[in-house]
Structure formats: C-alpha cells, structure tokens
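Q: One file is attached below, target_0.txt, containing compact mmCIF, C-alpha atoms.
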```
# COMPACT_ATOMS: atom_id res chain seq x y z
CA MET E 1 0.22 336.94 227.99
CA GLY E 2 -3.07 338.50 229.08
CA TYR E 3 -1.23 341.38 230.79
CA VAL E 4 0.71 342.08 227.60
CA PHE E 5 -2.49 342.28 225.58
CA GLY E 6 -4.01 344.52 228.24
CA VAL E 7 -1.08 346.94 228.05
CA ILE E 8 -1.24 346.95 224.24
CA ALA E 9 -4.99 347.62 224.33
CA PHE E 10 -4.45 350.54 226.75
CA LEU E 11 -1.74 352.08 224.56
CA VAL E 12 -3.91 351.74 221.46
CA LEU E 13 -6.83 353.34 223.29
CA LEU E 14 -4.58 356.19 224.47
CA ALA E 15 -3.32 356.78 220.95
CA ALA E 16 -6.85 356.72 219.55
CA TRP E 17 -7.97 359.17 222.21
CA ASN E 18 -5.18 361.62 221.35
CA THR E 19 -5.38 361.35 217.57
CA GLY E 20 -9.05 360.63 217.01
CA THR E 21 -8.16 358.03 214.39
CA ASN E 22 -11.07 355.64 213.77
CA LEU E 23 -8.71 352.82 212.73
CA LEU E 24 -7.10 352.85 216.18
CA TYR E 25 -10.53 352.62 217.80
CA ILE E 26 -11.30 349.60 215.61
CA ILE E 27 -7.99 347.96 216.56
CA PHE E 28 -8.69 348.62 220.25
CA ALA E 29 -12.16 347.11 219.93
CA GLY E 30 -10.68 344.00 218.30
CA ILE E 31 -8.09 343.53 221.04
CA ALA E 32 -10.65 344.07 223.81
CA SER E 33 -13.07 341.63 222.18
CA PHE E 34 -10.31 339.05 221.89
CA ILE E 35 -9.54 339.37 225.63
CA LEU E 36 -13.23 339.24 226.57
CA LEU E 37 -13.79 336.18 224.39
CA SER E 38 -10.83 334.43 226.02
CA PHE E 39 -12.27 335.13 229.48
CA LEU E 40 -15.77 333.90 228.57
CA LEU E 41 -14.46 330.72 226.94
CA SER E 42 -12.24 329.88 229.95
CA LYS E 43 -15.26 330.29 232.24
CA ARG E 44 -17.31 328.14 229.92
CA ASN E 45 -14.58 325.51 229.90
CA LEU E 46 -14.85 325.10 233.69
CA ARG E 47 -18.63 325.04 233.83
CA GLY E 48 -19.96 321.70 235.00
CA THR E 49 -16.55 320.59 236.33
CA ARG E 50 -16.48 318.70 239.64
CA LEU E 51 -13.57 317.26 241.59
CA VAL E 52 -13.34 314.47 244.17
CA GLN E 53 -10.06 313.59 245.84
CA GLN E 54 -8.98 310.55 247.82
CA GLY E 55 -5.88 310.17 249.97
CA PRO E 56 -4.27 307.57 252.24
CA ASP E 57 -5.46 307.09 255.79
CA SER E 58 -1.98 307.75 257.17
CA VAL E 59 1.48 308.86 256.08
CA HIS E 60 4.74 309.72 257.82
CA ARG E 61 5.88 313.30 258.25
CA GLY E 62 7.82 314.54 255.23
CA GLN E 63 6.76 311.55 253.16
CA GLU E 64 4.86 312.22 249.95
CA ALA E 65 1.30 310.96 250.00
CA LEU E 66 -0.29 309.88 246.74
CA LEU E 67 -3.58 311.69 246.16
CA THR E 68 -6.05 310.45 243.57
CA LEU E 69 -8.03 313.23 241.86
CA TYR E 70 -11.23 312.44 239.96
CA VAL E 71 -12.27 315.28 237.64
CA GLU E 72 -15.80 315.03 236.26
CA ASN E 73 -17.11 317.00 233.29
CA ARG E 74 -20.91 317.27 233.44
CA LYS E 75 -21.32 319.19 230.19
CA ARG E 76 -23.34 317.25 227.65
CA TYR E 77 -21.49 318.11 224.44
CA LEU E 78 -18.31 320.04 225.17
CA PRO E 79 -15.10 318.59 226.67
CA ALA E 80 -13.06 320.35 229.37
CA LEU E 81 -9.64 321.16 227.97
CA GLY E 82 -6.28 322.29 229.37
CA LEU E 83 -6.95 322.02 233.11
CA ARG E 84 -4.32 322.74 235.75
CA MET E 85 -4.74 321.71 239.40
CA GLU E 86 -3.00 323.35 242.35
CA SER E 87 -3.11 322.58 246.08
CA SER E 88 -3.64 325.08 248.88
CA GLN E 89 -0.79 323.42 250.84
CA THR E 90 1.80 323.29 248.05
CA ALA E 91 3.61 326.30 246.66
CA GLU E 92 6.24 324.51 244.56
CA GLY E 93 4.03 324.09 241.50
CA PRO E 94 0.85 322.52 240.14
CA LEU E 95 -0.35 319.18 241.42
CA ALA E 96 -1.30 317.85 238.03
CA HIS E 97 -2.46 318.70 234.51
CA LEU E 98 -5.29 317.30 232.40
CA ILE E 99 -5.35 317.81 228.65
CA ARG E 100 -8.92 316.68 228.11
CA VAL E 101 -11.94 315.47 230.04
CA PRO E 102 -14.64 314.15 227.70
CA PRO E 103 -18.25 315.40 227.91
CA LYS E 104 -20.27 313.58 230.57
CA GLY E 105 -17.04 311.76 231.43
CA CYS E 106 -14.45 311.53 234.19
CA ALA E 107 -10.67 311.56 234.25
CA MET E 108 -8.38 310.33 237.02
CA VAL E 109 -4.95 311.70 237.83
CA HIS E 110 -2.47 311.01 240.66
CA ALA E 111 -0.64 313.77 242.51
CA ALA E 112 1.99 313.80 245.27
CA GLN E 113 1.33 315.84 248.41
CA SER E 114 3.66 316.09 251.41
CA PHE E 115 2.71 317.06 254.96
CA PRO E 116 5.39 318.98 256.90
CA LYS E 117 4.01 318.34 260.41
CA ARG E 118 2.53 315.39 262.22
CA GLY E 119 -1.06 315.36 263.35
CA LEU E 120 -4.48 315.06 261.79
CA TRP E 121 -4.54 317.06 258.56
CA PRO E 122 -7.52 317.71 256.30
CA LEU E 123 -7.05 316.94 252.64
CA PRO E 124 -5.97 320.18 250.92
CA ASP E 125 -8.28 322.40 248.92
CA VAL E 126 -7.67 321.97 245.21
CA THR E 127 -8.15 324.75 242.66
CA ILE E 128 -8.69 323.97 238.99
CA TYR E 129 -7.44 326.64 236.57
CA SER E 130 -8.27 327.07 232.91
CA ALA E 131 -6.72 329.48 230.39
CA PHE E 132 -8.30 327.76 227.39
CA PRO E 133 -8.26 328.55 224.51
CA PHE E 134 -5.92 331.54 224.01
CA GLY E 135 -4.17 331.80 227.38
CA LEU E 136 -5.06 335.51 227.68
CA ALA E 137 -7.47 335.18 230.63
CA GLU E 138 -7.58 332.57 233.37
CA SER E 139 -10.57 331.31 235.30
CA TRP E 140 -10.60 329.02 238.28
CA VAL E 141 -12.83 327.11 240.67
CA THR E 142 -11.85 325.82 244.14
CA PHE E 143 -13.01 322.55 245.71
CA GLU E 144 -12.68 321.96 249.44
CA GLY E 145 -10.81 318.88 250.62
CA ASP E 146 -13.11 316.12 251.81
CA GLY E 147 -11.32 313.77 254.20
CA GLU E 148 -8.39 313.66 256.60
CA VAL E 149 -4.89 312.20 256.69
CA LEU E 150 -3.18 311.16 259.92
CA VAL E 151 0.48 312.18 259.72
CA PHE E 152 2.78 309.95 261.79
CA PRO E 153 6.15 311.14 263.12
CA ARG E 154 9.22 310.29 261.10
CA VAL E 155 10.96 306.97 261.81
CA TRP E 156 14.76 306.85 261.77
CA PRO E 157 17.12 303.86 261.66
CA VAL E 158 18.18 302.91 265.19
CA THR E 159 21.65 301.73 266.20
CA SER E 160 22.09 298.62 268.33
CA GLU E 161 25.11 299.60 270.43
CA PRO E 162 23.53 302.26 272.70
CA LEU E 163 20.52 300.02 273.22
CA GLY E 164 22.76 297.17 274.31
CA GLU E 165 24.31 299.34 277.01
CA HIS E 166 20.88 300.18 278.39
CA GLU E 167 19.01 298.22 281.03
CA GLY E 168 17.76 295.01 279.50
CA VAL E 169 20.90 294.46 277.42
CA SER E 170 20.35 290.74 277.24
CA ARG E 171 16.89 291.30 275.86
CA LEU E 172 17.87 293.89 273.27
CA ARG E 173 20.75 292.04 271.67
CA LYS E 174 19.88 289.25 269.32
CA PRO E 175 20.81 285.81 270.61
CA ALA E 176 23.55 283.91 268.84
CA ARG E 177 22.79 280.94 266.62
CA ASN E 178 23.58 278.45 269.35
CA GLN E 179 21.06 280.10 271.67
CA GLY E 180 18.12 278.59 269.83
CA ALA E 181 17.04 281.65 267.77
CA GLU E 182 15.76 281.29 264.21
CA PHE E 183 16.66 283.34 261.13
CA PHE E 184 14.40 286.41 260.74
CA SER E 185 15.89 288.81 258.14
CA LEU E 186 19.04 290.59 256.95
CA ARG E 187 20.13 294.13 257.76
CA ASP E 188 23.21 296.34 257.44
CA TYR E 189 26.06 295.70 259.87
CA VAL E 190 26.33 298.15 262.78
CA ARG E 191 29.44 298.50 264.93
CA GLY E 192 29.02 296.27 267.96
CA ASP E 193 27.04 293.51 266.21
CA ASP E 194 28.14 289.93 266.78
CA THR E 195 30.56 289.04 263.94
CA ARG E 196 29.28 285.46 264.02
CA LEU E 197 26.02 286.73 262.55
CA ILE E 198 27.61 288.30 259.43
CA ALA E 199 26.18 286.82 256.22
CA TRP E 200 29.47 286.54 254.35
CA ARG E 201 28.07 285.33 251.02
CA ARG E 202 25.53 288.13 250.78
CA SER E 203 28.15 290.64 251.95
CA ALA E 204 30.54 289.48 249.22
CA ARG E 205 27.87 289.85 246.53
CA THR E 206 26.70 293.31 247.63
CA GLY E 207 30.05 294.71 248.78
CA THR E 208 28.45 295.80 252.08
CA LEU E 209 28.51 293.95 255.38
CA VAL E 210 25.10 292.58 256.31
CA VAL E 211 24.16 290.58 259.40
CA LYS E 212 21.45 288.05 260.11
CA GLU E 213 18.54 289.15 262.25
CA LEU E 214 17.47 286.31 264.56
CA GLU E 215 13.96 286.01 265.87
CA MET E 216 13.61 286.02 269.64
CA ASP E 217 12.52 282.79 271.25
CA THR E 218 10.47 284.68 273.82
CA THR E 219 8.76 288.03 273.97
CA HIS E 220 9.99 290.63 276.49
CA ASN E 221 8.19 293.66 277.80
CA THR E 222 9.75 297.01 276.96
CA VAL E 223 8.30 300.31 278.16
CA LEU E 224 8.80 303.65 276.44
CA VAL E 225 8.30 306.41 279.02
CA LEU E 226 7.75 309.69 277.15
CA ASP E 227 7.74 312.86 279.24
CA THR E 228 5.61 315.39 277.33
CA GLN E 229 5.80 318.18 279.90
CA GLU E 230 6.60 321.66 278.64
CA ILE E 231 10.02 323.10 279.52
CA PRO E 232 9.48 326.72 280.68
CA GLY E 233 11.83 329.20 279.05
CA ASP E 234 13.28 326.74 276.53
CA PRO E 235 13.32 328.39 273.07
CA ASP E 236 14.07 325.04 271.40
CA PHE E 237 11.30 323.13 273.15
CA GLU E 238 9.11 322.66 270.07
CA GLU E 239 11.97 321.23 268.02
CA ASN E 240 13.20 319.02 270.87
CA PHE E 241 9.66 317.84 271.53
CA GLU E 242 9.31 316.65 267.94
CA THR E 243 12.73 314.99 268.20
CA ALA E 244 11.66 313.10 271.33
CA ILE E 245 8.48 311.92 269.61
CA GLU E 246 10.41 310.76 266.54
CA LEU E 247 12.86 308.95 268.81
CA ALA E 248 9.96 307.20 270.55
CA ALA E 249 8.49 306.19 267.19
CA SER E 250 11.85 304.89 265.94
CA LEU E 251 12.46 302.86 269.09
CA ALA E 252 8.94 301.43 268.99
CA VAL E 253 9.30 300.28 265.38
CA GLU E 254 12.73 298.73 266.01
CA LEU E 255 11.72 296.96 269.22
CA LEU E 256 8.50 295.61 267.71
CA ARG E 257 10.53 294.35 264.78
CA ARG E 258 12.71 292.52 267.33
CA ASN E 259 9.61 290.78 268.73
CA HIS E 260 9.40 292.88 271.93
CA ALA E 261 6.08 293.61 273.59
CA VAL E 262 6.22 297.42 273.64
CA ALA E 263 4.23 299.69 275.94
CA LEU E 264 4.00 303.49 275.77
CA CYS E 265 3.53 305.60 278.89
CA THR E 266 3.02 309.39 278.93
CA PRO E 267 1.68 311.78 281.59
CA ASP E 268 -1.83 311.57 280.13
CA HIS E 269 -1.88 308.22 278.37
CA GLU E 270 -0.87 304.60 278.86
CA THR E 271 -0.76 301.92 276.18
CA PRO E 272 -0.46 298.34 277.46
CA PRO E 273 2.23 296.07 276.00
CA GLY E 274 1.58 294.58 272.61
CA THR E 275 3.35 293.13 269.60
CA GLY E 276 3.08 293.21 265.84
CA GLN E 277 1.66 295.66 263.33
CA THR E 278 -1.45 296.31 265.39
CA GLN E 279 0.59 297.62 268.32
CA GLN E 280 2.80 299.65 265.99
CA ARG E 281 -0.27 301.31 264.49
CA ARG E 282 -1.67 301.98 267.96
CA ILE E 283 1.53 303.64 269.17
CA MET E 284 1.96 305.64 265.95
CA ASP E 285 -1.61 306.89 266.24
CA ILE E 286 -0.93 308.17 269.75
CA LEU E 287 2.39 309.78 268.82
CA ALA E 288 0.79 311.49 265.83
CA ARG E 289 -1.82 313.21 268.00
CA ILE E 290 0.13 313.83 271.20
CA GLU E 291 0.56 317.38 272.49
CA PRO E 292 2.66 318.89 275.33
CA VAL E 293 1.17 319.08 278.81
CA PRO E 294 1.85 321.81 281.40
CA HIS E 295 4.94 321.35 283.55
CA ARG E 296 4.19 319.68 286.86
CA GLY E 297 7.34 320.65 288.73
CA LYS E 298 9.25 317.38 288.38
CA PRO E 299 10.09 314.85 285.67
CA PHE E 300 7.36 312.41 284.83
CA GLN E 301 7.73 308.99 286.42
CA PRO E 302 4.97 306.37 286.16
CA ASP E 303 4.39 304.59 289.43
CA HIS E 304 1.54 302.17 288.80
CA MET E 305 2.27 300.37 285.52
CA LYS E 306 2.79 296.69 286.16
CA THR E 307 4.86 296.42 283.01
CA LEU E 308 7.58 298.50 284.66
CA GLU E 309 8.32 295.67 287.03
CA ALA E 310 9.96 293.61 284.30
CA GLY E 311 11.72 294.34 281.04
CA ALA E 312 13.66 297.32 279.75
CA VAL E 313 12.57 300.91 280.40
CA PHE E 314 13.48 303.70 277.97
CA TYR E 315 13.02 307.23 279.23
CA LEU E 316 12.44 309.97 276.61
CA THR E 317 12.04 313.70 277.14
CA ALA E 318 12.13 317.02 275.28
CA ASP E 319 14.58 318.41 277.87
CA ALA E 320 17.85 318.35 275.92
CA GLN E 321 19.87 318.86 279.11
CA MET E 322 18.69 315.45 280.32
CA TRP E 323 19.70 313.53 277.20
CA GLY E 324 22.22 310.82 278.01
CA ARG E 325 21.88 311.28 281.79
CA ARG E 326 20.34 309.14 284.50
CA GLY E 327 16.56 309.07 284.37
CA PRO E 328 14.07 309.42 287.21
CA GLY E 329 12.93 305.82 287.06
CA ARG E 330 14.42 302.60 288.37
CA ASP E 331 17.91 302.27 286.86
CA SER E 332 16.66 304.21 283.84
CA ARG E 333 18.70 306.37 281.49
CA VAL E 334 17.40 309.18 279.32
CA MET E 335 17.92 308.25 275.69
CA SER E 336 19.87 310.69 273.53
CA PRO E 337 18.91 311.04 269.83
CA LYS E 338 22.58 311.44 268.85
CA GLU E 339 23.40 308.05 270.36
CA VAL E 340 20.37 306.13 269.13
CA ILE E 341 19.46 307.48 265.69
CA ARG E 342 21.77 306.08 263.04
CA GLY E 343 23.44 308.60 260.75
```
Can the structure in the file be given as structure tokens, please?
A:
Amino acid sequence: MGYVFGVIAFLVLLAAWNTGTNLLYIIFAGIASFILLSFLLSKRNLRGTRLVQQGPDSVHRGQEALLTLYVENRKRYLPALGLRMESSQTAEGPLAHLIRVPPKGCAMVHAAQSFPKRGLWPLPDVTIYSAFPFGLAESWVTFEGDGEVLVFPRVWPVTSEPLGEHEGVSRLRKPARNQGAEFFSLRDYVRGDDTRLIAWRRSARTGTLVVKELEMDTTHNTVLVLDTQEIPGDPDFEENFETAIELAASLAVELLRRNHAVALCTPDHETPPGTGQTQQRRIMDILARIEPVPHRGKPFQPDHMKTLEAGAVFYLTADAQMWGRRGPGRDSRVMSPKEVIRG
C-alpha cells in the first residue's frame, strides 16, 4: 500500500510541476504528510519494545521446536499494536502476530521453528515489524537470538528381521513367553516376528496386527561401530554420512528400548556401554556433534574395546558400496539403511 501511495504522490507532483496548479501542490503535500505520519507512528509504536526468546535444549532434525517469545512494551502510556515477528531462519512466513501489548506490560506468544540440519544451532534472530496505524510505512527492529539448541539426528523405525540375521541373533530377538520374559509394551507387527506374541484382542479392536514387546531378563552388550572417515571422490558422501548417523541413532534408540547396554565407537570417540534414557541422551549428544575425519587408508576397526569381546557388533559407514557386505571386524556385517529402516 505504501508503494501505491508513493506512486500517486509522484504523479501528483509531476502534474503540479507541469501545470503549476496550486491545488495539485496541496494534494501532493497532503499525501506526503500522510506517508510521513505513517512512518513516524510506526517507529513510535516500536519504541521501548524488547524481546526475549526461549527454546528447548534439544530437538530432532526436521522436528518443529516450540519457541516462546516474550515481548515487553516499556512505554509508560501507549500500547504496542499490530506487531509481526519473523525469524532469520524461516522464509515460509511470520513466526507470530501480536495485536496488542499493554503499556509497561508483557505478552507471550508461542512459535514453531524447525532446524534442517543436526548440530548445535543458535536461536534465530527475530525481527519485529510494525505498519501501525495506516499500513503505508513499515518499521522494524531486530533482536539477536540468545541461547542454543542441540539438534539430534532423525530417528527412524527399525525392522526386526535384518537385526535377527546379524551376529547376536539370540540377543536381538525377544524371548518367547515361556522363556521367562515379562510384558513390556505393544508395537506394530513386523514380518518375521513370533506369531505367538501377537495380541489378538488388541489387533481385533484396532484392525492392525500388534505384538507384545517382552522385557529382556538380562542385559546384553551391543556395540555400534561408526566409521566417520571421509570417502575421497564420493559426491554423495555428505548425504550418506548423514544417513549413517541417522541409522546409528535409530539402532541405538531401538536397542536401548530392548534393554541392551549400547556402546558407541568412532575413530575419535568411545562411549562405554550403558542403558536407559541417560545413555540415549549421551549417544544422541555425540551423534549431533560428530563430524567426518580424514581418511586413514583403511576401514575403521576398534581393537582395544573390551565390550567387543561379547555381544553384538553393528558396523556403520558412509561408504554406500559397503552397505550389506561383510565388515572389517570379527564376524561383523555392514548395516544397510534399506534393510534396517522400516518404510
């Protein structure tokens, strides 16, 4: 709207200049004053405005994080009206709108923000716009993000069948009811699951086959060996590297849910075996921050972790040519995302 008024004012000025008509000069002065007044009032509307934002400590890649925005109006008598907030990391549209912030008051609004890549991200800069009262001129003020969000890799559902064919098959499959395991939870049926574990009553009610998850009587060590070496000359390395990390995260979550003691081993980091949410957080933190290391001439193979002497070993790499083949470790096999990730 402001551009339209600007064009009209220019045309009126041009006509007044050519004709010398005083009425046209008066009309031009009125239009210009109206535009100037709109600009000054929008600036005045933002004066004394402050913004503080809070976000979650962590979120998964691609998942929307809920930001809380606190907008403070420090003016003594005048409210702040018609505010629009936009993020420096979002181009789809405004984060949020506020109709009114009372004088010497504060308003809170929630906004969704997604993070496209894993890693440690600063909270985005937020710009507050105001076109009050006429919408002819817009003023804005930008506030820097204060805080950080740790973005974890995505976690995908994992199938049971390929895991059962891997080393440690007896540890990965859930024991049958007569093996002394106790009920843990329900999940969707996957081809290869023991039909004796199907919950027929729940399946009949929902129309979808579900099976009983049984808690393991004992905890078994499982090691995720993640080779983070760069692959020279591979144009798809970055994408495959992220896929390998997401596969490691998915396996870790599934195995920890099955009561395994999971360890993570990379060329520059080793996480001892652990169970529960604490271990899951520890592994996710490492996978969120991990970066490729220079190629060392041969596939990575840990040789001094005691946990490799017992339990299952899952070998993961960004080298797509190795997926599904024999790994460098003891009776190990390189996990393929197409075989493991469900759907």
Q: Do a neighbour search on Arg76 of chain E at 12 Å with all atoms listed in the file, toss out local chain neighbours closer than 3 positions, and write the hits as a list of chain:residue names.
A: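 The residues satisfying every condition are E:Arg47, E:Gly48, E:Thr49, E:Glu72, E:Asn73, E:Pro79, E:Ala80, E:Val101, E:Pro102, E:Pro103, E:Lys104, E:Gly105.
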Q: What is the atom CA of Pro328 of chain E to atom CA of Ala261 of chain E distance in Å?
A: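 If I compute the distance from atom CA of Pro328 of chain E to atom CA of Ala261 of chain E, I get 22.3 Å.
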Q: Show me, as number ranges by chain, the residues that have an atom within 10 Å of Arg296 of chain E when counting only C-alpha atoms, minus same-chain residues fewer than 5 positions from it.
A: E: 229-231, 267
Q: To one decimal in Å, tell me the separation between atom CA of His260 of chain E and atom CA of Pro273 of chain E.
A: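 Here the two named atoms are 8.8 Å from each other.
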Q: Hey, what's within 12 Å of Ile35 of chain E if we count all atoms listed in the file and toss same-chain stuff fewer than 6 positions away? As a list of chain:residue names, please?
A: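 My list of contacting residues is E:Met1, E:Gly2, E:Tyr3, E:Val4, E:Phe5, E:Gly6, E:Val7, E:Ile8, E:Ala9, E:Phe28, E:Ala29, E:Leu41, E:Ser42, E:Ala131, E:Phe132, E:Pro133, E:Phe134, E:Gly135, E:Leu136, E:Ala137, E:Glu138.
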Q: Could you put an axis-aligned box around every listed atom of segment 336-342 of chain E, padded by 5 Å on each side, and send me its centre and edge lengths in Å to one decimal, as AutoDock Vina command-line options?
A:
```
--center_x 21.2 --center_y 308.8 --center_z 268.3 --size_x 14.5 --size_y 15.4 --size_z 20.5
```
Q: Give me the residues within 7 Å of Tyr129 of chain E as a ChimeraX atom specification, counting only C-alpha atoms and dropping any in the same chain fewer than 6 places off.
A: /E:83-85,138-141
Q: Quick one: segment 92-109 of chain E with N, CA and C atoms, as a short mmCIF file (atom, residue, chain, number, x, y, z; two decimals), in the frame of the given file?
A:
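The new file result_6.cif reads:
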```cif
data_model
loop_
_atom_site.label_atom_id
_atom_site.label_comp_id
_atom_site.auth_asym_id
_atom_site.auth_seq_id
_atom_site.Cartn_x
_atom_site.Cartn_y
_atom_site.Cartn_z
N GLU E 92 5.17 324.79 245.50
CA GLU E 92 6.24 324.51 244.56
C GLU E 92 5.76 324.51 243.11
N GLY E 93 4.52 324.18 242.86
CA GLY E 93 4.03 324.09 241.50
C GLY E 93 2.70 323.38 241.46
N PRO E 94 2.15 323.18 240.26
CA PRO E 94 0.85 322.52 240.14
C PRO E 94 0.90 321.07 240.56
N LEU E 95 -0.23 320.59 241.06
CA LEU E 95 -0.35 319.18 241.42
C LEU E 95 -0.35 318.29 240.18
N ALA E 96 -1.14 318.69 239.21
CA ALA E 96 -1.30 317.85 238.03
C ALA E 96 -1.90 318.67 236.90
N HIS E 97 -1.84 318.11 235.69
CA HIS E 97 -2.46 318.70 234.51
C HIS E 97 -3.36 317.66 233.84
N LEU E 98 -4.42 318.15 233.22
CA LEU E 98 -5.29 317.30 232.40
C LEU E 98 -5.47 317.98 231.04
N ILE E 99 -5.19 317.25 230.00
CA ILE E 99 -5.35 317.81 228.65
C ILE E 99 -6.81 317.84 228.24
N ARG E 100 -7.53 316.76 228.57
CA ARG E 100 -8.92 316.68 228.11
C ARG E 100 -9.74 315.80 229.02
N VAL E 101 -10.94 316.28 229.35
CA VAL E 101 -11.94 315.47 230.04
C VAL E 101 -13.15 315.41 229.13
N PRO E 102 -13.55 314.24 228.68
CA PRO E 102 -14.64 314.15 227.70
C PRO E 102 -15.97 314.60 228.28
N PRO E 103 -16.92 315.01 227.41
CA PRO E 103 -18.25 315.40 227.91
C PRO E 103 -18.95 314.24 228.60
N LYS E 104 -19.59 314.58 229.73
CA LYS E 104 -20.27 313.58 230.57
C LYS E 104 -19.33 312.43 230.91
N GLY E 105 -18.05 312.76 231.11
CA GLY E 105 -17.04 311.76 231.43
C GLY E 105 -16.23 312.16 232.65
N CYS E 106 -15.28 311.31 233.01
CA CYS E 106 -14.45 311.53 234.19
C CYS E 106 -13.02 311.13 233.87
N ALA E 107 -12.08 311.86 234.42
CA ALA E 107 -10.67 311.56 234.25
C ALA E 107 -10.03 311.45 235.63
N MET E 108 -9.08 310.55 235.75
CA MET E 108 -8.38 310.33 237.02
C MET E 108 -6.91 310.68 236.85
N VAL E 109 -6.36 311.34 237.85
CA VAL E 109 -4.95 311.70 237.83
C VAL E 109 -4.39 311.57 239.24
#
```
